[in-house]
Structures are given as structure tokens and as C-alpha cells.
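Notes follow the structure.
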Amino acid sequence: MTAAQMTAQMRASRAGPLIGTVRAPGDKSISHRALILGALAHGVTEVEGLLEGDDVKATATAMAAFGAGVERLGAGRWRIEGRGAFVEPGDVIDCGNAGTGVRLIMGAAAGFELAATFTGDASLRGRPMNRVLKPLGEMGATWVCRAGGRLPLTLQGGSLNRIAYRLPEPSAQVKSAVLLAGLNTPGGVEVIEPEATRDHTERMLRAFGAGVEVSQEGSGRRILLPGGQTLAGTRVRVPGDPSSAAFPLVAALITAGSVVTVEGMLLNPLRIGLLDTLGEMGADLSVTNLREEGGETVADITARYSQLIGVDVPPERAPSMIDEYPILAVAAAFAQGPTVMRGIGEMRVKESDRIALMAAGLAACGVSVEEGPDSLTVMGASGRANHGVRGGARVTTHGDHRIAMSHLILGLAADEPVAVDQPGMIATSFPEFLALIRSLGGEVE
Ligand code: S3P
């Protein structure tokens with residue numbers, strides 16, 4: 001990001017209702033995986049609907065550096081020619097802002113005889129990599145890095161040992177890093193997750209021809225990837241990202257008179273905790289055109305302006321909506337009564353400390369909030385004497401795209417405009433955010 005982008009701001013103001021039909025950008029999780037599995041596979045993979053955000057573009061560049069042929073054919077259409085193996089990159093791999101990118105790529109690279117140095121932007125250099133280094137180390141990979149397992153980090157891959165790894169925290173990134181390392185481990189790997197997390201890696205490994213066995217283990221899962229697997233290039237159609245679709249949908253729920261449809265949204269059961277929660281809050285959401293596309297369920301979702309009520313969000317729902325709590329907190333600000341979100345400690349190690357930044361941003365906009373070590377309570381303004389949400393703040397985002405978009409959505413329905421800093425970071429996951437909100441009638445500048 002340039003100095004100008006760092007200092008720039010974006011501002012959202014209340015205008016009329018939001019009306020229209022839009023498409024959410026391609027799912028970020030699936031886009032990263034399509035590029036990485038395409039590069040690990042033998043032969044050609046063609047991807048349609050790839051998210052062309054900065055995070056995913058950094059992964060595309062990384063895959064080329066590890067030896068894959070990577071070509072953009074048109075908007076969202078990419079061709080990856082995999083060589084069935086990674087080669088040693090000639091330069092540092094810069095994953096930008098992308099935790100998913102760097103953690104999955106480290107897993108994928110660990111099984112090859114190569115050294116690779118990874119870095120990223122200031123946010124990514126501050127995030128913990130120990131959670132993936134621990135299992136990769138148990139498998140035999142070695143590395144040198146900054147204190148606390150921080151980037152920059154040089155990973156030395158090689159021949160790996162089988163492990164059965166029980167995830168200490170619910171993390172699809174860690175699960176995926178171990179599975180990708182397991183592809184090149186003669187004995188394979190087993191991952192036990194006490195709580196089920198998004199399963200796009202397992203689904204996509206199967207689509208590329210790998211045998212993956214998944215069984216129920218309490219409220220979580222046991223995933224077995226036998227050794228000696230080879231992947232064959234395939235076609236991947238990337239569905240719309242529910243984590244991005246959440247922004248226009250919540251915008252419609254809190255802005256009087258609105259009706260917004262998001263087409264082609266991924267409805268993977270491990271990604272729709274927000275829809276369940278909004279439903280419990282009394283949101284008028286309808287699901288139409290339910291269909292199967294490329295091994296995933298997708299549908300069109302319509303949100304209509306609703307009088308929401310505050311709810312208690314069960315902690316076990318966190319893995320299925322971990323990236324959606326910031327925008328849920330905005331919906332909660334317009335609800336009647338408190339919304340309590342517990343068991344969300346993982347939010348503190350995302351692109352920013354999202355509990356702290358949402359608490360600070362909402363408070364600056366006149367919303368009463370209570371922050372706990374792993375919880376956030378938002379007192380809904382609606383139903384009280386001076387019922388609206390005031391807004392009228394310039395919110396610090398620490399370069400976190402979801403903090404920025406959440407507060408801009410709040411600004412569309414608040415009494416006074418809301419501005420955010422570092423709006424350039426929105427392009428990491430949702431480059432067309434501004435145009436999409438404007439196309440619905442939202443006032444953002
Ligand atoms: C992701 C997993 C989640 C999520 C991230 C994408 C993935 O992170 O927050 O945006 O694609 O696997 P964790 O695995 O750290 O929970």
C-alpha cells in the first residue's frame with residue numbers, strides 16, 4: 001500500500017433504501033485452495049470465478065514462484081499448470097496480508113526438498129505462525145524465524161513423517177496446512193478437530209482425485225489422508241463468498257425500506273453461522289434457487305429491512321462464522337436489546353485484534369459495548385428513547401478489511417456519516433465493495 005492509500009479515508013452516509021441484485025465476489029478460502037492444489041497437481045486446472053483480491057493474487061504469484069504455470073485468461077478465469085511438485089523459489093515469497101495464503105503454502109511446501117522464505121505486510125508479520133509450525137515441526141520440517149514464530153521465516157522442507165495431529169484451536173488454516181503437507185508424506189496424516197471447521201480443503205482434495213476419509217469424532221471430525229496420493233488437474237468453479245455477501249445483506253437488514261439479493265452465495269454448512277444467527281434475530285432472509293455447483297451448495301439470498309432483536313450467540317457456532325462477527329456486531333447495534341457473542345477469542349489473532357477494534361469503533365459511533373477476553377456484548381440502540389445509532393466517527397481499522405467494511409455498512413444506516421482509514425485494504429478480499437454498495441444506492445465516497 002502506498003503512503004497516499006494509508007492516509008486516505010472512505011466515508012459512508014445515510015441515503016435512501018438499498019435496492020438491487022448483486023453477485024458476491026468469489027470465495028476467498030476456495031480461491032486460495034484452487035491455486036495451491038492446482039499448482040501441486042499434475043496437469044491443467046481451470047478456475048472460474050476466482051476472487052481477484054490482493055490476498056489471492058499474492059497466492060497466485062507464489063504458486064508461479066514455486067514452479068507452476070499461472071495465467072489469467074479473463075475476469076476470474078485462471079489456468080494453472082501444475083508440475084506435481086514445488087521447486088525452490090528464487091526469491092522471497094510475499095503473502096501480503098493473507099494468513100490463509102501463507103499458512104497453507106507453508107504446509108504445501110514443507111514436504112519438498114527446498115528452502116523458502118516467507119514474509120508479508122506489517123499485519124501478517126505480527127500474526128502467530130507457531131500454530132502451523134508446531135505440527136510441521138513434528139513432521140520433520142525446520143525453520144528460522146523472528147521471535148514468537150513471526151515472519152519473515154525461512155522454511156526448510158524435506159521428507160516428512162506421519163502424524164496424527166489434534167488441533168489445539170479450531171483452525172481450518174492449521175488443518176489445511178497439515179493435510180497439504182501430508183500429500184507428500186509417505187505415511188499420510190490424520191487431523192482431529194474437536195470442533196468442525198470449514199472443510200474446503202477436504203472437498204477440493206477429493207475433486208483433485210485424492211482419497212480423504214472424514215468421520216465424526218464427538219462434535220468434531222477426524223480427517224485421514226492416506227500417503228502416496230497424486231493430484232490431477234481439474235476444473236474449479238468458485239462460489240460467492242458468504243463472508244463478503246454478509247456486508248450487503250446486513251446493510252439491507254439495517255437500512256429502512258431495503259431489499260437486496262446476493263446471487264450465487266456459498267451455503268456450505270460450516271460457513272453459514274451468520275445466517276442462522278441473523279435468522280434468530282428476526283431477519284427477513286429468503287433462500288431461493290438452491291443448487292449444487294462444483295461440490296458445494298449455492299443459492300440466492302434476499303435480505304429485507306427488518307426490526308432485529310438481540311440474541312445470545314452460542315460459542316460453538318464461532319468456527320462457522322468467525323470472520324462474520326464484526327458485521328454481526330454492526331447488525332446488533334441496530335437491534336433491540338443486547339447481543340452477546342462468546343467464545344470468540346480467535347478474533348483477536350486475525351488481521352487485527354477484531355474484538356478490540358469493533359469495541360472501539362462501535363463505541364466511537366455511540367454504541368454501548370462491553371469487551372471481555374473472548375467475548376463482545378453489543379447493546380442494541382433500537383427500541384430505546386433516542387433509538388438510532390449516532391455514527392459520526394473516523395474509525396481506526398489497523399488495515400483490517402473487515403473492520404473497514406463493517407463500519408462503512410454502519411455508516412449507511414447511522415444518523416451521521418462514518419469514515420474509516422486505510423480503505424485500500426478492502427481490496428484484499430472485496431475489490432468491488434465500493435462499486436457494489438453504490439450500485440445498490442448506498443452513499444460511499
Ligand atoms: C480460513 C480460515 C479461518 C478464517 C480465514 C480463512 C481458511 O481462519 O478466519 O479468513 O480459508 O481456512 P482460521 O483457520 O485461523 O480460523
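So you can find residues: chains in the C-alpha cells are A, B, ... in the order shown, residues in each start at 1, and ligands are numbered from 1 in order.
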Identify, on the basis of only C-alpha atoms, every residue whose closest approach to Ile327 of chain A does not exceed 9 Å; exclude the query and any residue fewer than 6 positions from it along the same chain; express the result as a list in words.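 The residues that qualify are Ala246, Phe247, Val250, Arg402, Ile403, Met405, Ser406, His407, Ile409 and Leu410 of chain A.
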For Leu104 of chain A, find every residue with an atom within 8 Å (counting only C-alpha atoms), except residues of its own chain fewer than 3 positions away, and show them as a ChimeraX atom specification. /A:100-101,107-108,173-174,176-177,180
At most 6 Å from ligand 1 (only C-alpha atoms and all ligand atoms): residue list as a short mmCIF file (atom, residue, chain, number, x, y, z; two decimals) with N, CA, C and O atoms, in the first residue's frame:
```cif
data_model
loop_
_atom_site.label_atom_id
_atom_site.label_comp_id
_atom_site.auth_asym_id
_atom_site.auth_seq_id
_atom_site.Cartn_x
_atom_site.Cartn_y
_atom_site.Cartn_z
N SER A 29 -11.48 -18.39 0.64
CA SER A 29 -10.90 -19.66 1.09
C SER A 29 -10.75 -20.63 -0.09
O SER A 29 -9.71 -21.27 -0.26
N THR A 100 -4.29 -16.97 5.47
CA THR A 100 -4.64 -18.23 4.82
C THR A 100 -3.58 -18.59 3.79
O THR A 100 -3.09 -19.72 3.75
N SER A 171 -9.08 -24.31 13.82
CA SER A 171 -8.50 -23.53 12.73
C SER A 171 -8.43 -24.35 11.45
O SER A 171 -7.69 -25.34 11.36
N ALA A 172 -9.19 -23.90 10.46
CA ALA A 172 -9.15 -24.57 9.15
C ALA A 172 -7.81 -24.35 8.48
O ALA A 172 -7.38 -25.18 7.66
N GLN A 173 -7.15 -23.24 8.81
CA GLN A 173 -5.84 -22.99 8.20
C GLN A 173 -4.83 -24.02 8.67
O GLN A 173 -4.04 -24.56 7.88
N ILE A 322 -16.58 -17.19 12.05
CA ILE A 322 -15.55 -16.45 12.76
C ILE A 322 -15.23 -15.10 12.09
O ILE A 322 -14.97 -14.11 12.77
N ASP A 323 -15.30 -15.05 10.75
CA ASP A 323 -14.99 -13.79 10.07
C ASP A 323 -16.19 -12.84 10.03
O ASP A 323 -16.07 -11.70 9.56
#
```
Applying 12 Å and only C-alpha atoms, which residues near segment 70-83 of chain A remain after dropping the ones on its own chain fewer than 4 positions away? List them as number ranges by chain. A: 25-27, 31, 34-53, 56-66, 87, 208, 230-240
Given only C-alpha atoms, how would the per-residue table for segment 184-278 of chain A near segment 413-434 of chain A read, listing every residue at most 10 Å away with its closest atom pair and distance in Å to one decimal, sorted by chain and number, as JSON lines?
```
{"residue": "A:Asp241", "atom": "CA", "partner": "A:Ser429", "partner_atom": "CA", "distance": 9.4}
{"residue": "A:Ser243", "atom": "CA", "partner": "A:Ser429", "partner_atom": "CA", "distance": 9.3}
{"residue": "A:Ser244", "atom": "CA", "partner": "A:Phe430", "partner_atom": "CA", "distance": 6.8}
{"residue": "A:Ala245", "atom": "CA", "partner": "A:Phe430", "partner_atom": "CA", "distance": 9.7}
{"residue": "A:Phe247", "atom": "CA", "partner": "A:Phe433", "partner_atom": "CA", "distance": 8.9}
{"residue": "A:Pro248", "atom": "CA", "partner": "A:Phe433", "partner_atom": "CA", "distance": 9.0}
{"residue": "A:Ala251", "atom": "CA", "partner": "A:Ala413", "partner_atom": "CA", "distance": 7.7}
{"residue": "A:Ala252", "atom": "CA", "partner": "A:Ala413", "partner_atom": "CA", "distance": 9.3}
{"residue": "A:Leu253", "atom": "CA", "partner": "A:Ala413", "partner_atom": "CA", "distance": 9.8}
{"residue": "A:Ile254", "atom": "CA", "partner": "A:Ala413", "partner_atom": "CA", "distance": 6.4}
{"residue": "A:Thr255", "atom": "CA", "partner": "A:Ala413", "partner_atom": "CA", "distance": 5.3}
{"residue": "A:Ala256", "atom": "CA", "partner": "A:Ala413", "partner_atom": "CA", "distance": 8.0}
```
Counting only C-alpha atoms, figure out which residue out of A:Gly411, A:Gly20, A:Pro168, A:Gly372 gets nearest to Glu263 of chain A.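 Smallest separation from Glu263 of chain A among the options: A:Gly20.
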Determine which residues of segment 134-354 of chain A receive a DSSP assignment of strand (DSSP E), computed from the backbone, and state them as an NGL selection string. :A and (142-146 or 150-156 or 163-166 or 189-193 or 213-217 or 220-225 or 235-237 or 259-266 or 284-293 or 296-304 or 312-313 or 336-342)
When you look at Gly182 of chain A with a cut-off of 12 Å (counting only C-alpha atoms), what residues show up, excluding the ones that are within fewer than 4 positions of it in the same chain? I need them as a ChimeraX atom specification. /A:104,107-112,135-136,139-141,158-165,175-178,186-191,205,210-212,223-230
Mind checking DSSP for segment 194-309 of chain A and telling me the helix (DSSP H, G or I) residues as JSON, numbers by chain? {"A": [200, 201, 202, 203, 204, 205, 206, 207, 242, 243, 244, 245, 246, 247, 248, 249, 250, 251, 252, 253, 254, 273, 274, 275, 276, 277, 278, 279, 280]}
Have a look at A:Gly380, A:Gly218, A:Pro89, A:Gly96 and name the one nearest to Asp54 of chain A; count only C-alpha atoms.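 Under the stated criterion, the closest residue is A:Gly96.
In terms of minimum interatomic distance to Arg23 of chain A, A:Val260 ranks closest within A:Gly279, A:Lys350, A:Ser286, A:Val260, counting only C-alpha atoms.
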Which value, in Å to one decimal, gives the distance between atom CA of Arg354 of chain A and atom CA of Leu179 of chain A? 27.8 Å
Go through A:Arg394, A:Cys145, A:Glu351, A:Ile272 and flag the residue nearest Ala98 of chain A, using only C-alpha atoms for the distances.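 Of A:Arg394, A:Cys145, A:Glu351, A:Ile272, the one nearest Ala98 of chain A, counting only C-alpha atoms, is A:Glu351.
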Using only C-alpha atoms for the distances, tell me which of A:Gly441, A:Gly90, A:Gly282, A:Gly99 is nearest to Arg127 of chain A. A:Gly99
Env of Ser123 of chain A: 8 Å cut, atoms = only C-alpha atoms, seq-sep filter 3 positions within chain, self excluded. Answer as a PyMOL selection string. chain A and resi 97+120+126-127+351-352+399
Quick one: write out the picked residues with all heavy atoms as an mmCIF file, in the first residue's frame?
```cif
data_model
loop_
_atom_site.group_PDB
_atom_site.id
_atom_site.type_symbol
_atom_site.label_atom_id
_atom_site.label_comp_id
_atom_site.auth_asym_id
_atom_site.auth_seq_id
_atom_site.Cartn_x
_atom_site.Cartn_y
_atom_site.Cartn_z
ATOM 1 N N ASN A 97 -1.171 -9.608 2.989
ATOM 2 C CA ASN A 97 -1.989 -9.539 4.215
ATOM 3 C C ASN A 97 -2.582 -10.919 4.577
ATOM 4 O O ASN A 97 -3.318 -11.043 5.542
ATOM 5 C CB ASN A 97 -3.129 -8.537 3.934
ATOM 6 C CG ASN A 97 -3.914 -8.142 5.166
ATOM 7 O OD1 ASN A 97 -5.114 -8.396 5.266
ATOM 8 N ND2 ASN A 97 -3.265 -7.517 6.127
ATOM 9 N N GLY A 120 5.333 -10.905 4.733
ATOM 10 C CA GLY A 120 4.022 -10.337 4.452
ATOM 11 C C GLY A 120 4.008 -8.902 4.920
ATOM 12 O O GLY A 120 5.048 -8.352 5.292
ATOM 13 N N GLY A 126 2.974 -9.696 12.164
ATOM 14 C CA GLY A 126 2.660 -9.699 13.593
ATOM 15 C C GLY A 126 1.826 -10.899 14.024
ATOM 16 O O GLY A 126 1.541 -11.055 15.208
ATOM 17 N N ARG A 127 1.426 -11.748 13.074
ATOM 18 C CA ARG A 127 0.488 -12.836 13.427
ATOM 19 C C ARG A 127 1.234 -14.133 13.753
ATOM 20 O O ARG A 127 2.307 -14.393 13.208
ATOM 21 C CB ARG A 127 -0.511 -13.056 12.276
ATOM 22 C CG ARG A 127 -1.434 -11.852 12.132
ATOM 23 C CD ARG A 127 -2.399 -12.008 10.992
ATOM 24 N NE ARG A 127 -3.401 -13.030 11.256
ATOM 25 C CZ ARG A 127 -4.305 -13.426 10.368
ATOM 26 N NH1 ARG A 127 -4.312 -12.886 9.162
ATOM 27 N NH2 ARG A 127 -5.191 -14.337 10.674
ATOM 28 N N GLU A 351 -6.550 -10.446 11.135
ATOM 29 C CA GLU A 351 -5.772 -9.377 10.522
ATOM 30 C C GLU A 351 -5.516 -8.246 11.524
ATOM 31 O O GLU A 351 -4.574 -7.459 11.378
ATOM 32 C CB GLU A 351 -6.476 -8.848 9.273
ATOM 33 C CG GLU A 351 -6.388 -9.782 8.061
ATOM 34 C CD GLU A 351 -7.438 -10.888 8.051
ATOM 35 O OE1 GLU A 351 -7.881 -11.343 9.143
ATOM 36 O OE2 GLU A 351 -7.804 -11.322 6.939
ATOM 37 N N SER A 352 -6.410 -8.126 12.522
ATOM 38 C CA SER A 352 -6.197 -7.213 13.647
ATOM 39 C C SER A 352 -6.821 -7.892 14.864
ATOM 40 O O SER A 352 -7.399 -8.973 14.740
ATOM 41 C CB SER A 352 -6.897 -5.875 13.394
ATOM 42 O OG SER A 352 -8.318 -6.063 13.436
ATOM 43 N N GLY A 399 -5.671 -1.374 9.256
ATOM 44 C CA GLY A 399 -5.500 -2.041 7.958
ATOM 45 C C GLY A 399 -6.317 -3.317 7.824
ATOM 46 O O GLY A 399 -6.002 -4.161 6.986
#
```
Under the rule that only C-alpha atoms are counted, which of A:Cys365, A:Ile192, A:Ile30, A:Asp55 is the nearest residue to Ala393 of chain A? A:Cys365
